[in-house]
$ cat data-v3.cif   # mmCIF, C-alpha atoms and all ligand atoms
data_final
#
loop_
_atom_site.label_atom_id
_atom_site.label_comp_id
_atom_site.auth_asym_id
_atom_site.auth_seq_id
_atom_site.Cartn_x
_atom_site.Cartn_y
_atom_site.Cartn_z
CA MET A 1 14.83 22.04 25.79
CA THR A 2 18.19 22.67 24.07
CA ASP A 3 19.72 26.16 23.77
CA GLN A 4 18.97 26.07 20.08
CA GLN A 5 15.30 25.35 20.75
CA GLU A 6 15.14 28.06 23.40
CA ASN A 7 16.38 30.57 20.81
CA THR A 8 13.37 29.97 18.57
CA ARG A 9 10.78 30.83 21.19
CA GLN A 10 10.14 34.38 19.97
CA GLY A 11 7.56 33.12 17.50
CA VAL A 12 4.63 30.80 18.03
CA LEU A 13 4.19 27.35 16.51
CA ILE A 14 0.71 25.89 16.06
CA ALA A 15 0.23 22.49 14.41
CA PHE A 16 -3.01 21.07 13.08
CA GLU A 17 -3.40 17.33 13.36
CA GLY A 18 -5.99 14.69 12.64
CA ILE A 19 -6.81 11.95 10.17
CA ASP A 20 -7.37 12.69 6.48
CA GLY A 21 -10.62 14.52 5.70
CA THR A 22 -10.82 16.54 8.93
CA GLY A 23 -10.70 19.89 7.10
CA LYS A 24 -7.35 21.02 8.52
CA SER A 25 -6.33 23.13 5.54
CA THR A 26 -9.60 25.11 5.56
CA GLN A 27 -9.26 25.74 9.29
CA ILE A 28 -5.65 26.87 8.86
CA ARG A 29 -6.74 29.39 6.23
CA LEU A 30 -9.43 30.81 8.54
CA LEU A 31 -7.10 30.97 11.54
CA ALA A 32 -4.40 32.65 9.42
CA GLU A 33 -6.91 35.33 8.39
CA ALA A 34 -7.95 35.94 12.01
CA LEU A 35 -4.34 36.20 13.18
CA GLU A 36 -3.40 38.55 10.35
CA LYS A 37 -6.29 40.81 11.35
CA SER A 38 -4.75 40.84 14.80
CA GLY A 39 -1.51 42.16 13.31
CA GLN A 40 0.48 38.92 13.26
CA THR A 41 2.75 37.81 10.45
CA VAL A 42 1.68 34.28 9.66
CA VAL A 43 3.57 31.55 7.85
CA ALA A 44 1.23 28.75 6.77
CA THR A 45 3.07 25.60 5.84
CA ARG A 46 2.50 21.86 5.59
CA GLU A 47 3.96 18.39 5.71
CA PRO A 48 4.77 16.46 3.63
CA THR A 49 6.58 19.49 2.16
CA SER A 50 7.16 20.18 -1.51
CA GLY A 51 10.90 19.51 -1.06
CA LYS A 52 12.77 16.49 -2.39
CA TYR A 53 11.68 14.11 0.38
CA GLY A 54 8.09 15.39 0.28
CA LYS A 55 7.97 14.71 -3.46
CA ARG A 56 9.24 11.19 -2.91
CA ILE A 57 6.57 10.68 -0.22
CA ARG A 58 3.80 11.82 -2.59
CA GLU A 59 5.00 9.29 -5.16
CA LEU A 60 4.30 6.65 -2.52
CA TYR A 61 0.60 7.60 -2.43
CA LEU A 62 0.20 5.36 -5.47
CA ASN A 63 1.93 2.42 -3.88
CA ARG A 64 3.12 2.58 -0.34
CA GLU A 65 4.28 -1.04 -0.46
CA THR A 66 7.35 -0.23 -2.57
CA VAL A 67 9.30 0.87 0.53
CA SER A 68 9.78 -0.81 3.91
CA HIS A 69 8.11 0.61 7.02
CA GLU A 70 11.55 1.70 8.20
CA GLU A 71 12.28 3.56 4.95
CA GLU A 72 8.86 5.22 5.06
CA LEU A 73 9.55 6.52 8.58
CA GLU A 74 13.00 7.76 7.51
CA LEU A 75 11.49 9.70 4.59
CA PHE A 76 9.04 11.56 6.84
CA ILE A 77 11.82 12.36 9.32
CA ALA A 78 14.16 13.58 6.56
CA ASP A 79 11.37 15.77 5.18
CA ARG A 80 10.72 17.23 8.64
CA ARG A 81 14.42 17.95 9.28
CA GLU A 82 14.48 20.01 6.10
CA HIS A 83 11.17 21.72 7.00
CA VAL A 84 12.42 22.64 10.48
CA ARG A 85 15.76 23.92 9.18
CA ASP A 86 14.50 25.87 6.17
CA VAL A 87 11.03 27.08 7.17
CA ILE A 88 10.00 26.59 10.80
CA ARG A 89 13.09 27.72 12.73
CA PRO A 90 13.78 30.80 10.60
CA ALA A 91 10.13 31.91 10.91
CA LEU A 92 10.10 31.38 14.69
CA LEU A 93 13.36 33.28 15.04
CA ALA A 94 11.78 36.16 13.10
CA GLY A 95 8.90 36.24 15.60
CA LYS A 96 6.27 34.92 13.19
CA VAL A 97 3.28 32.70 13.89
CA VAL A 98 3.80 29.38 12.12
CA LEU A 99 0.72 27.31 11.29
CA THR A 100 1.61 23.86 10.05
CA ASP A 101 -0.77 21.40 8.46
CA ARG A 102 0.66 18.26 10.12
CA TYR A 103 3.81 17.94 12.22
CA TYR A 104 5.42 15.19 14.22
CA LEU A 105 2.25 13.82 15.83
CA SER A 106 1.34 12.72 12.27
CA THR A 107 4.43 10.52 12.20
CA ALA A 108 3.61 9.10 15.64
CA ALA A 109 0.05 8.34 14.50
CA TYR A 110 0.53 7.16 10.90
CA GLN A 111 3.86 5.36 11.21
CA GLY A 112 2.79 4.24 14.71
CA ALA A 113 -0.22 2.60 13.05
CA LEU A 114 2.25 0.59 10.94
CA GLY A 115 3.78 -0.91 14.06
CA HIS A 116 6.48 1.57 15.12
CA ASP A 117 6.32 2.61 18.78
CA PRO A 118 4.58 6.04 18.85
CA GLU A 119 6.46 7.18 21.97
CA LYS A 120 9.81 6.36 20.35
CA ILE A 121 8.77 8.35 17.27
CA LEU A 122 7.88 11.31 19.48
CA THR A 123 11.23 11.14 21.30
CA LEU A 124 13.09 10.96 18.00
CA ASN A 125 11.33 14.09 16.75
CA GLU A 126 11.55 16.00 20.01
CA ALA A 127 15.35 15.77 19.72
CA PHE A 128 15.46 18.06 16.68
CA ALA A 129 12.06 19.67 16.07
CA PRO A 130 10.85 22.68 18.10
CA GLU A 131 8.04 21.78 20.48
CA PRO A 132 4.72 23.22 19.30
CA ASP A 133 3.06 25.83 21.51
CA LEU A 134 -0.29 24.33 20.60
CA VAL A 135 -1.52 21.31 18.66
CA LEU A 136 -5.13 21.49 17.52
CA MET A 137 -6.18 17.92 16.93
CA ILE A 138 -9.40 17.80 14.93
CA MET A 139 -11.39 14.70 15.76
CA ILE A 140 -13.80 12.95 13.37
CA PRO A 141 -14.72 9.27 12.95
CA PRO A 142 -12.63 7.62 10.18
CA SER A 143 -15.82 6.78 8.21
CA VAL A 144 -16.62 10.51 8.04
CA GLY A 145 -13.08 11.34 6.86
CA VAL A 146 -13.29 8.75 4.12
CA HIS A 147 -16.74 9.99 3.09
CA ARG A 148 -15.52 13.60 2.87
CA ILE A 149 -12.52 12.66 0.71
CA ARG A 150 -14.67 10.61 -1.67
CA THR A 151 -17.68 12.88 -2.01
CA LEU A 152 -16.66 16.45 -1.18
CA ARG A 153 -13.23 16.33 -2.80
CA ASN A 154 -14.40 13.84 -5.39
CA GLU A 155 -11.10 11.97 -5.00
CA THR A 156 -10.24 8.32 -4.68
CA LEU A 157 -8.40 7.30 -1.52
CA ASN A 158 -4.60 7.10 -1.66
CA THR A 159 -2.82 4.30 0.16
CA PHE A 160 -2.49 6.39 3.35
CA GLU A 161 -6.22 7.03 3.45
CA GLN A 162 -7.80 3.57 3.49
CA GLU A 163 -10.47 3.37 6.20
CA SER A 164 -9.02 0.32 7.99
CA GLY A 165 -5.66 2.10 8.26
CA LEU A 166 -7.27 5.34 9.38
CA GLU A 167 -8.99 3.55 12.26
CA LYS A 168 -5.59 2.52 13.59
CA VAL A 169 -4.23 6.02 13.00
CA ALA A 170 -7.19 7.52 14.90
CA ALA A 171 -6.58 5.13 17.80
CA VAL A 172 -2.95 6.23 18.08
CA TYR A 173 -3.94 9.91 17.91
CA ASP A 174 -6.40 9.22 20.77
CA SER A 175 -3.68 7.67 22.87
CA ILE A 176 -1.06 10.44 22.60
CA GLU A 177 -0.71 12.62 25.67
CA ARG A 178 1.18 15.90 25.56
CA GLU A 179 0.25 19.03 27.48
CA TYR A 180 0.16 21.19 24.34
CA ILE A 181 -2.61 19.10 22.68
CA ARG A 182 -6.19 20.39 22.49
CA ARG A 183 -8.74 18.06 20.94
CA ILE A 184 -11.48 19.70 18.89
CA ASP A 185 -14.72 18.15 17.68
CA GLY A 186 -14.58 18.25 13.86
CA ALA A 187 -18.33 17.62 13.43
CA GLY A 188 -20.54 20.34 12.00
CA ASN A 189 -19.92 23.06 9.46
CA ILE A 190 -16.73 25.01 8.76
CA ALA A 191 -17.83 28.06 10.80
CA GLU A 192 -18.67 25.94 13.84
CA VAL A 193 -15.30 24.21 13.81
CA HIS A 194 -13.56 27.58 13.29
CA GLU A 195 -15.30 28.87 16.44
CA ARG A 196 -13.92 25.92 18.40
CA VAL A 197 -10.45 26.57 16.99
CA MET A 198 -10.61 30.25 17.98
CA LEU A 199 -11.79 29.33 21.47
CA GLN A 200 -8.72 27.16 22.04
CA VAL A 201 -6.31 29.65 20.48
CA ARG A 202 -7.75 32.44 22.63
CA GLU A 203 -7.54 30.33 25.76
CA CYS A 204 -4.03 29.00 25.17
CA LEU A 205 -2.28 31.83 23.34
CA GLY A 206 -4.68 34.80 23.38
CA LYS A 207 -2.37 37.12 25.30
CA ARG A 208 0.53 36.43 22.96
CA ILE A 209 -1.07 36.51 19.53
CA LEU A 210 -4.64 37.84 19.58
CA THR A 211 -5.85 41.34 20.33
CA PRO A 212 -8.45 41.14 23.09
CA VAL A 213 -12.11 41.00 21.99
CA SER A 214 -13.76 44.23 23.17
P1 LIG B 1 -1.81 15.21 3.59
O1 LIG B 1 -2.00 16.11 4.76
O2 LIG B 1 -3.00 14.53 3.02
O3 LIG B 1 -0.98 15.96 2.48
P2 LIG B 1 -1.35 16.45 1.00
O4 LIG B 1 -2.84 16.59 0.93
O5 LIG B 1 -0.64 17.74 0.92
O6 LIG B 1 -0.78 15.42 0.07
O7 LIG B 1 -0.75 14.13 4.04
C1 LIG B 1 -0.44 13.09 3.18
C2 LIG B 1 -0.42 11.78 3.90
O8 LIG B 1 0.83 11.60 4.57
C3 LIG B 1 -1.51 11.68 4.94
O9 LIG B 1 -2.32 10.55 4.65
C4 LIG B 1 -0.77 11.47 6.23
C5 LIG B 1 0.59 11.00 5.82
N1 LIG B 1 1.67 11.36 6.76
C6 LIG B 1 2.33 10.35 7.43
O10 LIG B 1 2.02 9.17 7.25
N2 LIG B 1 3.34 10.68 8.30
C7 LIG B 1 3.73 11.97 8.51
O11 LIG B 1 4.67 12.22 9.31
C8 LIG B 1 3.03 13.01 7.81
C9 LIG B 1 3.45 14.45 7.99
C10 LIG B 1 2.02 12.67 6.93
#
$ encode --input "data-v3.cif" --output "structure tokens" --more "lines below"
Ligand code: TYD
Amino acid sequence: MTDQQENTRQGVLIAFEGIDGTGKSTQIRLLAEALEKSGQTVVATREPTSGKYGKRIRELYLNRETVSHEEELELFIADRREHVRDVIRPALLAGKVVLTDRYYLSTAAYQGALGHDPEKILTLNEAFAPEPDLVLMIMIPPSVGVHRIRTLRNETLNTFEQESGLEKVAAVYDSIEREYIRRIDGAGNIAEVHERVMLQVRECLGKRILTPVS
């Protein structure tokens, strides 16, 4: 860890990961509420961001083929550099709890599924992005993710969300090993998944960010 990274360790960084349709944003909202009740100041954020690179990335949802795989990877990295500099590091330095909907494991999984080496992507990110204290990886079969996007959100799939692609993405997620990762079963209703999230947060970070349950 660099000196600069060491300096950000006052706060806590939790990332939510998983394929599209896992319900990450709902779970982040519920976790944020629980942490706020415990007296924490929470910053909930997401990638792609709404900054200039994030906007460019969202334009690609309509047609991902207009950029090369290399350019796509560079856009996600540029977006993350901005996110780390402008949002994540300042919040960690101020002692806040940062909850991010996607972080660098998304790049390893999604751009890894395109053919980039996932380990190289992780190394590239680890050089500039603070290491998360905890990654909650919500696991569902790709067919379930696709079904949830189509029926529950009543949306058509964007080019990142096609089932064949998501199977590859899920396989890369399965293969990533880092000690801060906790895999959570995403099956069942929102309350059940929230319970599993709380269990992991309590186990991994309870002393730091949750008041003990009496
Ligand atoms: P998503 O979480 O669906 O964002 P939003 O709903 O706010 O538009 O993410 C958009 C897509 O971007 C998703 O399919 C995953 C993909 N993605 C990558 O391919 N690489 C990355 O590094 C990140 C952060 C996201």
$ residues_near_ligand --input "data-v3.cif" --ligand "ligand LIG 1 (chain B)" --cutoff "6 Å" --atoms "only C-alpha atoms and all ligand atoms" --output "number ranges by chain"
A: 20, 47-48, 76, 102-104, 106-107, 110-111, 160-161
$ residues_around --input "data-v3.cif" --residues "Leu75 of chain A" --least-positions-apart "5" --cutoff "12 Å" --atoms "only C-alpha atoms" --output "list in words"
Glu47, Pro48, Thr49, Gly51, Lys52, Tyr53, Gly54, Lys55, Arg56, Ile57, Arg58, Glu59, Leu60, Val67, Ser68, His69, Glu70, Arg80, Arg81, Glu82, Thr107 and Gln111 of chain A
$ residues_around --input "data-v3.cif" --residues "segment 187-196 of chain A" --least-positions-apart "3" --cutoff "9 Å" --atoms "all atoms listed in the file" --output "list in words"
Thr22, Gly23, Thr26, Gln27, Leu30, Leu31, Ile138, Met139, Ile140, Ile184, Leu199, Gln200 and Val201 of chain A
$ write_last_selection --input "data-v3.cif" --atoms "C-alpha atoms" --output "CSV table (one decimal), keeping the file's coordinate frame"
chain,number,residue,atom,x,y,z
A,22,THR,CA,-10.8,16.5,8.9
A,23,GLY,CA,-10.7,19.9,7.1
A,26,THR,CA,-9.6,25.1,5.6
A,27,GLN,CA,-9.3,25.7,9.3
A,30,LEU,CA,-9.4,30.8,8.5
A,31,LEU,CA,-7.1,31.0,11.5
A,138,ILE,CA,-9.4,17.8,14.9
A,139,MET,CA,-11.4,14.7,15.8
A,140,ILE,CA,-13.8,13.0,13.4
A,184,ILE,CA,-11.5,19.7,18.9
A,199,LEU,CA,-11.8,29.3,21.5
A,200,GLN,CA,-8.7,27.2,22.0
A,201,VAL,CA,-6.3,29.6,20.5
$ atom_distance --input "data-v3.cif" --atom1 "atom CA of Glu167 of chain A" --atom2 "atom CA of Glu72 of chain A"
19.3 Å
$ closest_residue --input "data-v3.cif" --among "A:Asp174, A:Val135, A:Ile149, A:Leu105" --to "Cys204 of chain A" --atoms "only C-alpha atoms"
A:Val135
$ atom_distance --input "data-v3.cif" --atom1 "atom CA of Thr41 of chain A" --atom2 "atom CA of Glu17 of chain A"
21.6 Å
$ atom_distance --input "data-v3.cif" --atom1 "atom CA of Phe128 of chain A" --atom2 "atom CA of Arg85 of chain A"
9.5 Å
$ closest_residue --input "data-v3.cif" --among "A:Gly112, A:Gly145, A:Asp101, A:Glu74" --to "Leu157 of chain A" --atoms "all atoms listed in the file"
A:Gly145
$ closest_residue --input "data-v3.cif" --among "A:Leu205, A:Ala109, A:Ala170, A:Leu136" --to "Val97 of chain A" --atoms "all atoms listed in the file"
A:Leu205
$ closest_residue --input "data-v3.cif" --among "A:Asn125, A:Thr159, A:Ser175, A:Ser25" --to "Arg64 of chain A" --atoms "all atoms listed in the file"
A:Thr159
$ closest_residue --input "data-v3.cif" --among "A:Val84, A:Ala44, A:Ala127, A:Leu122" --to "Phe16 of chain A" --atoms "all atoms listed in the file"
A:Ala44
$ closest_residue --input "data-v3.cif" --among "A:Leu73, A:Val98, A:Leu62, A:Ala129" --to "Gln40 of chain A" --atoms "only C-alpha atoms"
A:Val98
$ build_atoms --input "data-v3.cif" --residues "segment 45-56 of chain A" --atoms "all heavy atoms" --output "tab-separated table (two decimals), in the coordinates of the input"
chain	number	residue	atom	x	y	z
A	45	THR	N	2.23	26.59	6.51
A	45	THR	CA	3.07	25.60	5.84
A	45	THR	C	2.48	24.21	6.05
A	45	THR	O	1.46	24.08	6.71
A	45	THR	CB	4.53	25.73	6.36
A	45	THR	OG1	5.37	24.84	5.66
A	45	THR	CG2	4.63	25.45	7.86
A	46	ARG	N	3.10	23.19	5.45
A	46	ARG	CA	2.50	21.86	5.59
A	46	ARG	C	3.54	20.76	5.42
A	46	ARG	O	4.61	20.97	4.84
A	46	ARG	CB	1.39	21.66	4.56
A	46	ARG	CG	1.93	21.69	3.16
A	46	ARG	CD	0.90	21.32	2.12
A	46	ARG	NE	1.59	21.21	0.83
A	46	ARG	CZ	1.12	20.62	-0.23
A	46	ARG	NH1	-0.05	20.05	-0.21
A	46	ARG	NH2	1.82	20.56	-1.35
A	47	GLU	N	3.18	19.61	5.92
A	47	GLU	CA	3.96	18.39	5.71
A	47	GLU	C	3.01	17.32	5.18
A	47	GLU	O	1.86	17.28	5.63
A	47	GLU	CB	4.57	17.91	7.02
A	47	GLU	CG	5.58	18.87	7.61
A	47	GLU	CD	6.25	18.32	8.88
A	47	GLU	OE1	5.92	17.20	9.31
A	47	GLU	OE2	7.08	19.01	9.43
A	48	PRO	N	3.47	16.45	4.29
A	48	PRO	CA	4.77	16.46	3.63
A	48	PRO	C	4.97	17.78	2.88
A	48	PRO	O	4.03	18.36	2.37
A	48	PRO	CB	4.69	15.29	2.64
A	48	PRO	CG	3.48	14.49	3.04
A	48	PRO	CD	2.60	15.37	3.81
A	49	THR	N	6.26	18.23	2.82
A	49	THR	CA	6.58	19.49	2.16
A	49	THR	C	6.65	19.28	0.65
A	49	THR	O	6.46	18.17	0.15
A	49	THR	CB	7.94	20.02	2.64
A	49	THR	OG1	8.95	19.15	2.10
A	49	THR	CG2	8.04	20.05	4.16
A	50	SER	N	6.97	20.36	-0.05
A	50	SER	CA	7.16	20.18	-1.51
A	50	SER	C	8.64	20.01	-1.85
A	50	SER	O	9.03	20.13	-3.00
A	50	SER	CB	6.54	21.36	-2.26
A	50	SER	OG	6.96	22.55	-1.66
A	51	GLY	N	9.46	19.75	-0.84
A	51	GLY	CA	10.90	19.51	-1.06
A	51	GLY	C	11.16	18.12	-1.63
A	51	GLY	O	10.22	17.38	-1.94
A	52	LYS	N	12.44	17.75	-1.71
A	52	LYS	CA	12.77	16.49	-2.39
A	52	LYS	C	12.20	15.25	-1.68
A	52	LYS	O	11.71	14.33	-2.32
A	52	LYS	CB	14.27	16.35	-2.64
A	52	LYS	CG	15.17	16.37	-1.41
A	52	LYS	CD	16.63	16.22	-1.84
A	52	LYS	CE	17.60	16.20	-0.67
A	52	LYS	NZ	17.62	17.44	0.14
A	53	TYR	N	12.22	15.28	-0.34
A	53	TYR	CA	11.68	14.11	0.38
A	53	TYR	C	10.15	14.10	0.31
A	53	TYR	O	9.53	13.06	0.17
A	53	TYR	CB	12.15	14.11	1.83
A	53	TYR	CG	13.65	14.01	1.97
A	53	TYR	CD1	14.41	15.09	2.39
A	53	TYR	CD2	14.31	12.82	1.64
A	53	TYR	CE1	15.79	15.01	2.48
A	53	TYR	CE2	15.70	12.73	1.74
A	53	TYR	CZ	16.43	13.82	2.16
A	53	TYR	OH	17.80	13.73	2.25
A	54	GLY	N	9.55	15.30	0.39
A	54	GLY	CA	8.09	15.39	0.28
A	54	GLY	C	7.60	14.86	-1.06
A	54	GLY	O	6.57	14.17	-1.14
A	55	LYS	N	8.36	15.18	-2.11
A	55	LYS	CA	7.97	14.71	-3.46
A	55	LYS	C	8.03	13.19	-3.52
A	55	LYS	O	7.15	12.53	-4.07
A	55	LYS	CB	8.92	15.30	-4.52
A	55	LYS	CG	8.64	16.76	-4.77
A	55	LYS	CD	9.20	17.21	-6.12
A	55	LYS	CE	8.93	18.69	-6.32
A	55	LYS	NZ	10.10	19.53	-6.04
A	56	ARG	N	9.08	12.66	-2.93
A	56	ARG	CA	9.24	11.19	-2.91
A	56	ARG	C	8.07	10.56	-2.14
A	56	ARG	O	7.52	9.54	-2.54
A	56	ARG	CB	10.59	10.88	-2.26
A	56	ARG	CG	10.89	9.44	-2.04
A	56	ARG	CD	11.41	8.76	-3.31
A	56	ARG	NE	11.51	7.31	-3.11
A	56	ARG	CZ	10.59	6.44	-3.50
A	56	ARG	NH1	9.49	6.85	-4.10
A	56	ARG	NH2	10.76	5.15	-3.29
